[in-house]
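Shown next: start_23.txt, containing compact mmCIF, C-alpha atoms.
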```
# COMPACT_ATOMS: atom_id res chain seq x y z
CA MET A 25 105.35 130.28 161.23
CA ASN A 26 103.32 131.55 164.15
CA ARG A 27 99.57 131.65 164.24
CA LYS A 28 99.19 135.30 163.32
CA GLN A 29 101.27 134.84 160.20
CA SER A 30 99.46 131.68 159.15
CA GLN A 31 96.12 133.44 159.59
CA HIS A 32 97.31 136.28 157.46
CA SER A 33 98.53 134.03 154.67
CA ALA A 34 95.26 132.08 154.82
CA SER A 35 93.26 135.25 154.19
CA THR A 36 95.57 136.42 151.42
CA VAL A 37 94.59 135.34 147.97
CA GLY A 38 98.00 135.76 146.43
CA ASP A 39 98.82 132.09 146.97
CA SER A 40 95.87 131.28 144.66
CA THR A 41 94.65 128.40 146.84
CA VAL A 42 91.07 128.75 148.05
CA HIS A 43 90.84 129.18 151.82
CA PRO A 44 89.79 125.74 153.22
CA MET A 45 87.05 127.32 155.34
CA ALA A 46 85.52 129.12 152.39
CA HIS A 47 85.75 125.90 150.38
CA ILE A 48 83.94 123.79 153.01
CA ILE A 49 81.17 126.39 153.51
CA SER A 50 80.78 126.71 149.75
CA THR A 51 80.50 122.91 149.32
CA LEU A 52 77.97 122.72 152.16
CA LEU A 53 75.81 125.43 150.62
CA VAL A 54 75.90 123.74 147.21
CA ALA A 55 75.03 120.34 148.75
CA GLY A 56 72.13 121.78 150.76
CA VAL A 57 70.66 123.71 147.84
CA THR A 58 71.16 120.81 145.36
CA LEU A 59 69.44 118.37 147.73
CA SER A 60 66.56 120.80 148.35
CA ALA A 61 66.14 121.44 144.61
CA ALA A 62 66.19 117.68 143.88
CA VAL A 63 63.48 117.05 146.51
CA LEU A 64 61.39 119.99 145.20
CA LEU A 65 61.71 118.63 141.63
CA THR A 66 60.78 115.11 142.77
CA GLY A 67 57.68 116.53 144.46
CA LEU A 68 56.71 118.46 141.33
CA ALA A 69 57.28 115.37 139.14
CA LEU A 70 55.10 113.27 141.46
CA LEU A 71 52.44 115.99 141.26
CA ALA A 72 52.59 116.01 137.45
CA VAL A 73 52.61 112.20 137.05
CA THR A 74 49.93 111.31 139.59
CA GLY A 75 47.89 114.50 139.15
CA ARG A 76 47.20 114.34 142.89
CA THR A 77 48.47 116.50 145.74
CA GLY A 78 48.27 113.64 148.24
CA TYR A 79 45.82 115.66 150.36
CA HIS A 80 42.13 116.70 150.21
CA GLU A 81 42.31 118.97 147.19
CA SER A 82 43.41 118.25 143.62
CA LEU A 83 45.74 120.61 141.76
CA SER A 84 43.77 123.51 140.28
CA PRO A 85 44.28 127.23 139.60
CA GLU A 86 42.08 127.91 142.66
CA LEU A 87 44.62 126.17 144.85
CA ILE A 88 47.28 128.61 143.65
CA LEU A 89 45.25 131.81 143.49
CA SER A 90 42.96 131.61 146.51
CA LEU A 91 43.21 130.40 150.09
CA PRO A 92 43.22 126.59 150.30
CA ARG A 93 41.26 124.90 153.05
CA ALA A 94 43.09 123.86 156.21
CA GLY A 95 44.79 120.50 155.73
CA ALA A 96 45.53 121.06 152.04
CA TYR A 97 49.18 120.42 152.90
CA PRO A 98 51.18 119.66 156.09
CA THR A 99 52.55 122.58 158.13
CA SER A 100 54.46 120.77 160.89
CA ILE A 101 57.84 119.03 160.60
CA ARG A 102 56.23 115.78 161.75
CA GLY A 103 53.40 116.02 159.23
CA VAL A 104 55.83 116.77 156.42
CA LEU A 105 58.05 113.78 157.28
CA GLN A 106 55.09 111.38 157.57
CA GLY A 107 53.62 112.55 154.27
CA ALA A 108 56.99 112.47 152.49
CA VAL A 109 57.55 108.83 153.54
CA GLU A 110 54.14 108.03 152.01
CA LEU A 111 55.30 109.89 148.85
CA ARG A 112 52.46 112.40 148.93
CA PRO A 113 53.53 115.03 146.34
CA PHE A 114 52.75 118.10 148.46
CA ALA A 115 54.57 116.66 151.48
CA VAL A 116 57.66 115.94 149.34
CA ILE A 117 57.63 119.57 148.12
CA GLU A 118 57.28 120.86 151.70
CA LEU A 119 60.22 118.64 152.71
CA GLY A 120 62.27 120.36 150.01
CA ALA A 121 61.21 123.75 151.41
CA LEU A 122 62.19 122.69 154.95
CA LEU A 123 65.60 121.50 153.71
CA LEU A 124 66.10 124.87 152.05
CA ILE A 125 65.26 126.66 155.32
CA ALA A 126 67.72 124.37 157.19
CA THR A 127 70.64 125.06 154.81
CA PRO A 128 71.70 128.43 156.29
CA VAL A 129 71.39 126.99 159.82
CA PHE A 130 73.82 124.17 158.94
CA ARG A 131 76.11 126.70 157.29
CA VAL A 132 76.29 128.69 160.56
CA ALA A 133 76.91 125.49 162.57
CA ALA A 134 79.75 124.51 160.21
CA SER A 135 81.28 127.97 160.58
CA ILE A 136 81.58 127.42 164.36
CA ILE A 137 83.68 124.28 163.86
CA LEU A 138 85.80 126.00 161.26
CA PHE A 139 86.46 129.16 163.29
CA LEU A 140 87.38 126.87 166.22
CA HIS A 141 89.77 124.97 163.97
CA GLU A 142 91.40 128.29 163.08
CA ARG A 143 91.58 129.10 166.82
CA ASP A 144 89.64 132.25 166.09
CA TYR A 145 87.80 132.31 169.43
CA LEU A 146 86.29 135.76 169.00
CA TYR A 147 84.49 134.66 165.83
CA THR A 148 83.63 131.27 167.36
CA VAL A 149 81.67 133.15 170.05
CA ILE A 150 80.09 135.54 167.52
CA THR A 151 78.97 132.57 165.38
CA LEU A 152 77.64 130.73 168.46
CA VAL A 153 75.49 133.77 169.25
CA VAL A 154 74.08 133.72 165.69
CA LEU A 155 73.31 129.97 165.91
CA SER A 156 71.63 130.42 169.32
CA LEU A 157 69.44 133.18 167.88
CA LEU A 158 68.39 130.88 165.01
CA ILE A 159 67.57 128.03 167.42
CA ILE A 160 65.59 130.40 169.68
CA SER A 161 63.55 131.57 166.67
CA ILE A 162 62.75 127.97 165.72
CA LEU A 163 61.79 127.04 169.31
CA TRP A 164 59.56 130.11 169.45
CA ILE A 165 57.24 128.61 166.82
CA HIS A 166 56.57 125.32 168.61
CA MET B 3 50.61 127.87 135.27
CA LEU B 4 53.46 126.17 137.15
CA LEU B 5 55.79 126.74 134.16
CA ILE B 6 54.89 130.46 133.94
CA LEU B 7 55.53 130.83 137.67
CA PHE B 8 58.92 129.15 137.14
CA ALA B 9 59.91 131.41 134.21
CA GLY B 10 58.86 134.65 135.92
CA SER B 11 60.74 133.65 139.06
CA ALA B 12 63.88 132.88 137.03
CA VAL B 13 63.95 136.47 135.71
CA ALA B 14 63.40 137.88 139.21
CA GLY B 15 66.18 135.63 140.54
CA THR B 16 68.70 136.86 137.96
CA LEU B 17 67.97 140.52 138.75
CA GLY B 18 68.00 139.79 142.47
CA ALA B 19 71.47 138.22 142.41
CA LEU B 20 72.89 141.03 140.23
CA ALA B 21 71.61 143.77 142.52
CA GLY B 22 72.40 142.00 145.80
CA LEU B 23 68.70 141.77 146.55
CA GLY B 24 67.23 138.56 147.91
CA GLY B 25 64.74 138.45 145.06
CA GLY B 26 61.88 138.66 147.56
CA VAL B 27 61.11 142.30 146.83
CA LEU B 28 60.69 141.30 143.19
CA ILE B 29 58.88 138.00 143.86
CA VAL B 30 56.08 139.48 145.99
CA PRO B 31 55.01 142.08 143.36
CA LEU B 32 55.43 139.47 140.59
CA LEU B 33 53.12 137.00 142.34
CA THR B 34 50.53 139.46 143.64
CA VAL B 35 50.38 142.03 140.81
CA GLY B 36 51.44 139.73 137.96
CA PHE B 37 49.63 136.51 138.82
CA GLY B 38 47.00 137.56 141.35
CA VAL B 39 48.28 135.25 144.09
CA ASP B 40 47.09 136.04 147.63
CA ILE B 41 49.67 138.17 149.48
CA ARG B 42 50.01 135.59 152.29
CA TYR B 43 51.20 132.92 149.88
CA ALA B 44 53.30 135.40 147.92
CA ILE B 45 55.22 136.21 151.12
CA GLY B 46 55.50 132.51 152.07
CA ALA B 47 56.93 131.57 148.66
CA SER B 48 59.11 134.68 148.76
CA ILE B 49 60.84 133.86 152.06
CA VAL B 50 61.70 130.34 150.82
CA SER B 51 62.99 131.65 147.48
CA VAL B 52 65.00 134.31 149.34
CA ILE B 53 66.92 131.52 151.08
CA ALA B 54 67.38 129.73 147.74
CA THR B 55 68.83 132.87 146.11
CA SER B 56 71.17 133.58 148.98
CA SER B 57 72.50 130.05 149.43
CA GLY B 58 72.74 129.35 145.69
CA ALA B 59 74.57 132.55 144.80
CA ALA B 60 76.63 132.74 148.00
CA ALA B 61 78.20 129.34 147.27
CA ALA B 62 79.66 130.74 144.04
CA TYR B 63 80.73 134.01 145.68
CA VAL B 64 82.61 132.28 148.53
CA ARG B 65 84.71 130.43 145.97
CA ASP B 66 85.43 133.75 144.24
CA GLN B 67 86.72 134.98 147.61
CA ILE B 68 84.89 138.29 147.40
CA THR B 69 82.53 137.63 150.35
CA ASN B 70 83.84 138.87 153.70
CA LEU B 71 82.86 136.07 156.12
CA ARG B 72 83.83 138.01 159.26
CA VAL B 73 81.81 141.07 158.31
CA GLY B 74 78.88 138.79 157.38
CA MET B 75 78.93 136.75 160.60
CA PHE B 76 79.38 139.80 162.86
CA LEU B 77 76.48 141.66 161.24
CA GLU B 78 74.27 138.54 161.30
CA MET B 79 73.99 138.99 165.08
CA ALA B 80 72.06 142.19 164.30
CA THR B 81 70.01 140.86 161.36
CA THR B 82 68.79 137.69 163.13
CA THR B 83 67.85 139.67 166.28
CA GLY B 84 66.00 142.13 164.07
CA ALA B 85 64.27 139.33 162.12
CA ILE B 86 62.96 137.75 165.33
CA GLY B 87 61.76 141.19 166.48
CA GLY B 88 60.14 141.73 163.09
CA ALA B 89 58.31 138.39 163.19
CA LEU B 90 56.94 139.28 166.64
CA LEU B 91 55.99 142.80 165.52
CA ALA B 92 54.25 141.48 162.38
CA GLY B 93 51.04 140.77 164.30
CA LEU B 94 51.00 144.19 165.98
CA LEU B 95 51.74 146.77 163.28
CA HIS B 96 49.83 147.71 160.16
CA PRO B 97 52.00 146.59 157.20
CA GLU B 98 50.86 149.54 155.02
CA ILE B 99 52.60 152.02 157.34
CA LEU B 100 55.87 150.09 157.13
CA PHE B 101 55.64 149.79 153.34
CA ILE B 102 55.46 153.61 153.13
CA VAL B 103 58.27 154.22 155.66
CA PHE B 104 60.56 151.68 154.01
CA GLY B 105 59.75 152.96 150.53
CA VAL B 106 60.69 156.50 151.57
CA VAL B 107 63.90 155.34 153.29
CA LEU B 108 64.94 153.35 150.20
CA GLY B 109 64.10 156.26 147.90
CA THR B 110 66.22 158.78 149.80
CA SER B 111 69.09 156.29 150.15
CA VAL B 112 69.57 156.40 146.38
CA VAL B 113 70.99 159.96 146.64
CA PRO B 114 74.41 159.07 148.16
CA LEU B 115 74.63 156.10 145.78
CA ILE B 116 74.22 158.37 142.74
CA ALA B 117 76.77 160.82 144.18
CA HIS B 118 79.33 157.98 144.33
CA LEU B 119 78.34 156.58 140.99
CA GLY B 120 81.63 157.22 139.17
CA GLU B 121 83.65 155.64 141.99
CA GLU B 122 84.90 152.14 141.21
CA LEU B 123 86.28 151.62 144.73
CA PRO B 124 85.87 153.77 147.89
CA LYS B 125 89.02 155.78 148.70
CA GLY B 126 90.50 157.12 151.95
CA VAL B 127 88.60 154.70 154.23
CA LYS B 128 90.35 153.99 157.54
CA ASN B 129 89.41 151.24 160.01
CA ASP B 130 87.48 152.58 163.01
CA ARG B 131 88.05 151.15 166.54
CA TRP B 132 85.46 148.40 166.04
CA ALA B 133 86.74 147.31 162.64
CA ALA B 134 90.30 147.13 164.00
CA ALA B 135 89.29 145.07 167.06
CA LEU B 136 87.10 142.74 164.97
CA ARG B 137 89.63 142.49 162.10
CA LEU B 138 86.94 143.40 159.56
CA GLY B 139 89.26 144.81 156.88
CA SER B 140 90.34 142.36 154.18
CA ASP B 141 91.10 142.07 150.48
CA TYR B 142 89.59 140.42 147.41
CA PRO B 143 90.76 139.57 143.88
CA ASP B 144 89.11 141.87 141.34
CA THR B 145 89.06 139.89 138.09
CA ARG B 146 88.26 142.96 135.99
CA LEU B 147 91.04 145.12 137.49
CA GLY B 148 93.30 142.05 137.53
CA ARG B 149 94.69 142.70 141.01
CA LEU B 150 94.11 142.16 144.72
CA VAL B 151 92.08 145.01 146.26
CA SER B 152 92.66 145.78 149.97
CA TYR B 153 90.03 147.69 151.92
CA GLU B 154 89.31 148.96 155.43
CA VAL B 155 85.96 149.31 157.21
CA THR B 156 84.46 152.30 159.01
CA ARG B 157 81.34 153.36 161.03
CA VAL B 158 80.71 149.83 162.31
CA PRO B 159 78.09 150.83 164.97
CA VAL B 160 76.04 152.69 162.31
CA GLY B 161 76.26 149.65 160.01
CA LEU B 162 75.21 147.34 162.85
CA GLY B 163 72.16 149.52 163.62
CA MET B 164 71.14 149.60 159.95
CA MET B 165 71.52 145.82 159.83
CA TRP B 166 69.16 145.41 162.79
CA ILE B 167 66.55 147.45 160.89
CA ALA B 168 67.22 145.36 157.76
CA GLY B 169 66.54 142.20 159.81
CA LEU B 170 63.39 143.74 161.32
CA ILE B 171 61.98 144.52 157.86
CA SER B 172 62.97 141.05 156.60
CA GLY B 173 61.08 139.35 159.44
CA LEU B 174 58.10 141.67 159.07
CA LEU B 175 57.55 141.51 155.31
CA GLY B 176 59.10 138.15 154.42
CA ILE B 177 61.75 139.70 152.18
CA GLY B 178 65.54 139.41 152.28
CA SER B 179 65.90 143.21 152.53
CA GLY B 180 69.16 142.86 150.62
CA ALA B 181 68.88 146.44 149.37
CA PHE B 182 69.11 147.76 152.91
CA LYS B 183 71.99 145.40 153.78
CA VAL B 184 73.96 146.62 150.77
CA LEU B 185 73.22 150.22 151.77
CA ALA B 186 74.54 149.60 155.29
CA MET B 187 77.79 148.12 154.01
CA ASP B 188 78.21 150.46 151.04
CA THR B 189 77.24 153.89 152.38
CA ALA B 190 77.88 153.49 156.13
CA MET B 191 80.79 151.03 156.32
CA ARG B 192 82.22 152.04 152.90
CA LEU B 193 83.02 148.50 151.72
CA PRO B 194 83.75 148.04 147.99
CA MET B 195 80.49 147.52 146.05
CA LYS B 196 81.31 143.94 145.05
CA VAL B 197 82.11 142.97 148.65
CA SER B 198 78.86 144.61 149.85
CA THR B 199 76.64 142.81 147.33
CA THR B 200 78.22 139.38 147.75
CA THR B 201 78.36 139.56 151.56
CA SER B 202 74.73 140.74 151.54
CA ASN B 203 73.69 137.69 149.49
CA PHE B 204 75.57 135.49 151.92
CA MET B 205 73.77 137.02 154.94
CA ILE B 206 70.25 137.08 153.51
CA GLY B 207 69.77 133.31 153.89
CA VAL B 208 70.55 133.32 157.61
CA THR B 209 68.31 136.34 158.21
CA ALA B 210 65.48 134.72 156.23
CA ALA B 211 65.89 131.38 158.06
CA ALA B 212 65.29 133.23 161.34
CA SER B 213 61.74 134.06 160.22
CA ALA B 214 60.95 131.38 157.57
CA GLY B 215 59.86 128.84 160.19
CA VAL B 216 57.10 131.21 161.34
CA TYR B 217 55.68 131.46 157.82
CA PHE B 218 55.95 127.69 157.38
CA SER B 219 54.07 126.83 160.57
CA ARG B 220 51.43 129.46 159.74
CA GLY B 221 50.77 127.48 156.55
CA ASP B 222 51.88 130.34 154.30
CA VAL B 223 54.29 128.16 152.30
CA ASN B 224 51.87 126.80 149.66
CA PRO B 225 53.68 123.94 147.85
CA ALA B 226 51.94 124.65 144.51
CA ILE B 227 53.50 128.15 144.52
CA ALA B 228 56.68 127.70 146.56
CA ALA B 229 58.14 124.85 144.46
CA PRO B 230 58.08 126.52 140.99
CA VAL B 231 59.07 129.89 142.50
CA ALA B 232 62.02 128.53 144.53
CA LEU B 233 63.32 126.48 141.57
CA GLY B 234 62.90 129.43 139.19
CA VAL B 235 64.73 131.80 141.53
CA LEU B 236 67.52 129.23 141.98
CA ALA B 237 68.04 129.01 138.21
CA GLY B 238 68.04 132.82 137.96
CA ALA B 239 70.49 133.21 140.84
CA GLY B 240 72.95 130.91 139.06
CA ILE B 241 72.84 133.07 135.94
CA GLY B 242 73.10 136.30 137.97
CA SER B 243 76.16 135.21 139.97
CA ARG B 244 78.00 134.26 136.76
CA LEU B 245 77.24 137.64 135.20
CA LEU B 246 78.27 139.54 138.35
CA VAL B 247 81.95 138.52 138.26
CA ARG B 248 82.27 139.88 134.71
CA LEU B 249 80.50 143.21 135.29
CA GLN B 250 82.04 146.53 136.38
CA SER B 251 81.07 147.94 139.77
CA THR B 252 79.83 151.10 138.03
CA THR B 253 77.47 149.12 135.80
CA LEU B 254 76.36 147.13 138.82
CA ARG B 255 75.64 150.32 140.74
CA LYS B 256 73.45 151.72 137.94
CA VAL B 257 71.42 148.51 137.80
CA PHE B 258 71.14 148.62 141.59
CA VAL B 259 69.95 152.26 141.66
CA ALA B 260 67.31 151.58 138.98
CA VAL B 261 66.00 148.49 140.78
CA LEU B 262 66.00 150.35 144.10
CA LEU B 263 63.95 153.28 142.71
CA ILE B 264 61.36 151.00 141.12
CA VAL B 265 60.99 148.95 144.30
CA ALA B 266 60.78 152.12 146.46
CA LEU B 267 58.02 153.59 144.29
CA GLU B 268 56.14 150.29 144.21
CA MET B 269 56.32 149.98 148.01
CA ILE B 270 55.03 153.53 148.60
CA LEU B 271 52.15 153.06 146.12
CA ARG B 272 51.31 149.77 147.74
CA GLY B 273 51.27 151.40 151.17
CA PHE B 274 48.70 153.93 149.92
CA GLY B 275 46.62 151.08 148.53
CA VAL B 276 47.41 151.77 144.87
CA ARG B 277 47.73 148.55 142.85
CA THR B 278 49.80 149.18 139.73
```
Whole structure given in structure tokens:
Amino acid sequence: MNRKQSQHSASTVGDSTVHPMAHIISTLLVAGVTLSAAVLLTGLALLAVTGRTGYHESLSPELILSLPRAGAYPTSIRGVLQGAVELRPFAVIELGALLLIATPVFRVAASIILFLHERDYLYTVITLVVLSLLIISILWIH
Amino acid sequence: MLLILFAGSAVAGTLGALAGLGGGVLIVPLLTVGFGVDIRYAIGASIVSVIATSSGAAAAYVRDQITNLRVGMFLEMATTTGAIGGALLAGLLHPEILFIVFGVVLGTSVVPLIAHLGEELPKGVKNDRWAAALRLGSDYPDTRLGRLVSYEVTRVPVGLGMMWIAGLISGLLGIGSGAFKVLAMDTAMRLPMKVSTTTSNFMIGVTAAASAGVYFSRGDVNPAIAAPVALGVLAGAGIGSRLLVRLQSTTLRKVFVAVLLIVALEMILRGFGVRT
């Protein structure tokens, strides 16, 4: 079977097997979201048990409804990691949020490897462009 | 308070997944109008929950083999570029003006959708030059029809342009702009409705990730709001994606049109400063 035929059969669903690429991307997305959700839940549980945010302010309706003071929670990757290691509830929640933001980026990176594996060079390049754009947008902030 | 935020977000997440919306357009009004949360934090929580909806639901869709990965990846070049442009523009333009423009665009886009309403699958679509070169046409198993549905793709440059605008609006307002992505694939590129909605959900996460970092470093992701909202939306997205596979495209389209009209009206009113 030449490559063109194998590609065609891989994208056909008649053989009832899930395309390996789709399967890997699907697993990666589930893993990323599950991990993020677990970290978010851990942060919320810590917040509920300790009743503290780990930063200046305590949990109150004002913290949700109005603008908290600067330093009420970390806003840099470094600050989030430091706070999360110290098990500060708000830092743990922010770590969960960062993991959630990272999930699509890892999904795109995995797609590059998988398109390469399929020898689909056109889509390898297209996916590389998408990943570069994501990295540029992240670098822009710092 | 945290539990109410969670429950409300779960409902918004279910609707969002069913309509192919990121949930963000429903989360921002829910938080601001419903709970009185400051708009900055509503948008920050929204962009994070948008990623949760997309990644959570997309995982299920990929296994169902309805999502077109090639179409998604190709169009993501436009949405991420647009999202970066939108994030840069955010500081320059008055958001009210864009709310009105986008509301009007969404409102008028409902017309072709209603005209096609009886159509289960688009007919007579032929690959254009771009779609042929990029191998965009594909097929998917329709569980309700019980067969494999093949489709071709047309007007790729128009779709790409619409996707850039969708990305721009996503970066500017902190929403997934899934409605506009579905419109680009459904009305311009004439993809089957199910493929449009699932591929849109798949793309929203990447588009949102391109601008989410900006909101995070600005301090707009308030953990007390973002955690219950993201978890609520995730739960809702799971329910929505399970319902989607069992629903007819026609039913789906009616839900989509209704949601679109409500969101369009809400955006226009908001642009004129009317708080409903």
Can you pull out every residue within 7 Å of stretch 161-175 of chain B, counting all atoms listed in the file, but drop anything in the same chain fewer than 4 positions away, and send it as a list in words?
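Counting only the stated atoms, we get Leu77, Ala80, Thr81, Thr82, Thr83, Gly84, Ala85, Ile86, Gly87, Gly88, Ala89, Leu91, Ala92, Arg157, Ser179, Phe182, Lys183, Ala186, Met187, Ala190, Met191, Thr209, Ala210 and Ser213 of chain B.
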Expected answer as a ChimeraX atom specification: all residues with atoms within 12 Å of (50.4, 138.3, 149.9), only C-alpha atoms
/A:88-91 /B:26-27,29-35,37-49,97,175-177,217,222-224,227,272
Considering only C-alpha atoms, tabulate each residue of chain A that lies at most 6 Å from chain B along with its nearest interatomic pair and the corresponding distance in Å to one decimal; arrange the rows by chain and ascending residue number and present them as a tab-separated table.
```
residue	atom	partner	partner_atom	distance
A:Ala46	CA	B:Val64	CA	5.8
A:Ser50	CA	B:Ala61	CA	4.4
A:Leu53	CA	B:Ala61	CA	5.7
A:Leu64	CA	B:Ala229	CA	5.9
A:Leu89	CA	B:Val39	CA	4.6
A:Thr99	CA	B:Ser219	CA	5.1
A:Phe114	CA	B:Pro225	CA	5.9
A:Ile117	CA	B:Pro225	CA	5.9
A:Ile125	CA	B:Ala211	CA	5.5
A:Pro128	CA	B:Val208	CA	5.2
A:Val154	CA	B:Met79	CA	5.3
A:Leu158	CA	B:Ala212	CA	5.3
A:Ser161	CA	B:Ala212	CA	5.8
```
Neighbours of point (68.6, 128.1, 134.7) within 10 Å, using only C-alpha atoms, written as a CSV table (one decimal) with C-alpha atoms, keeping the file's coordinate frame:
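Written out: result-v2.csv:
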```
chain,number,residue,atom,x,y,z
B,9,ALA,CA,59.9,131.4,134.2
B,12,ALA,CA,63.9,132.9,137.0
B,13,VAL,CA,64.0,136.5,135.7
B,15,GLY,CA,66.2,135.6,140.5
B,16,THR,CA,68.7,136.9,138.0
B,233,LEU,CA,63.3,126.5,141.6
B,234,GLY,CA,62.9,129.4,139.2
B,235,VAL,CA,64.7,131.8,141.5
B,236,LEU,CA,67.5,129.2,142.0
B,237,ALA,CA,68.0,129.0,138.2
B,238,GLY,CA,68.0,132.8,138.0
B,239,ALA,CA,70.5,133.2,140.8
B,240,GLY,CA,73.0,130.9,139.1
B,241,ILE,CA,72.8,133.1,135.9
B,242,GLY,CA,73.1,136.3,138.0
```
Quick one: pull the distance between atom CA of B:Leu7 and atom CA of B:Gly36, Å, one decimal.
9.8 Å
Suppose you want the space between atom CA of A:Ile49 and atom CA of A:Leu122; what is it in Å?
19.4 Å
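Atom pair atom CA of B:Ala133 / atom CA of B:Pro159 has a distance of 9.6 Å (rounded to one decimal).
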When distances are computed from all atoms listed in the file, which of B:Val231, B:Leu245, B:Ile68, B:Phe258 shows the smallest separation from A:Leu65?
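Ranked by minimum distance to A:Leu65, first place goes to B:Val231.
Distances from A:Ser60, A:Thr77, A:Ser156, A:Thr51 to A:Glu110 were compared using only C-alpha atoms, and the smallest one belongs to A:Thr77.
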Please identify all polymer residues within 12 Å of A:Leu138, counting only C-alpha atoms, omitting same-chain residues fewer than 3 positions from it, and present them as an NGL selection string.
(:A and (43-49 or 131-135 or 141-145 or 147-148 or 151-152)) or (:B and (71))
For A:Ser82, which of A:Ala96, A:Ile162, A:Ala126, A:Ala115 is the closest residue, counting all atoms listed in the file?
A:Ala96
Calculated over only C-alpha atoms, which of the candidates A:Ile101, A:Val116, A:Val129, A:Ile160 has the smallest distance to A:Thr66?
A:Val116
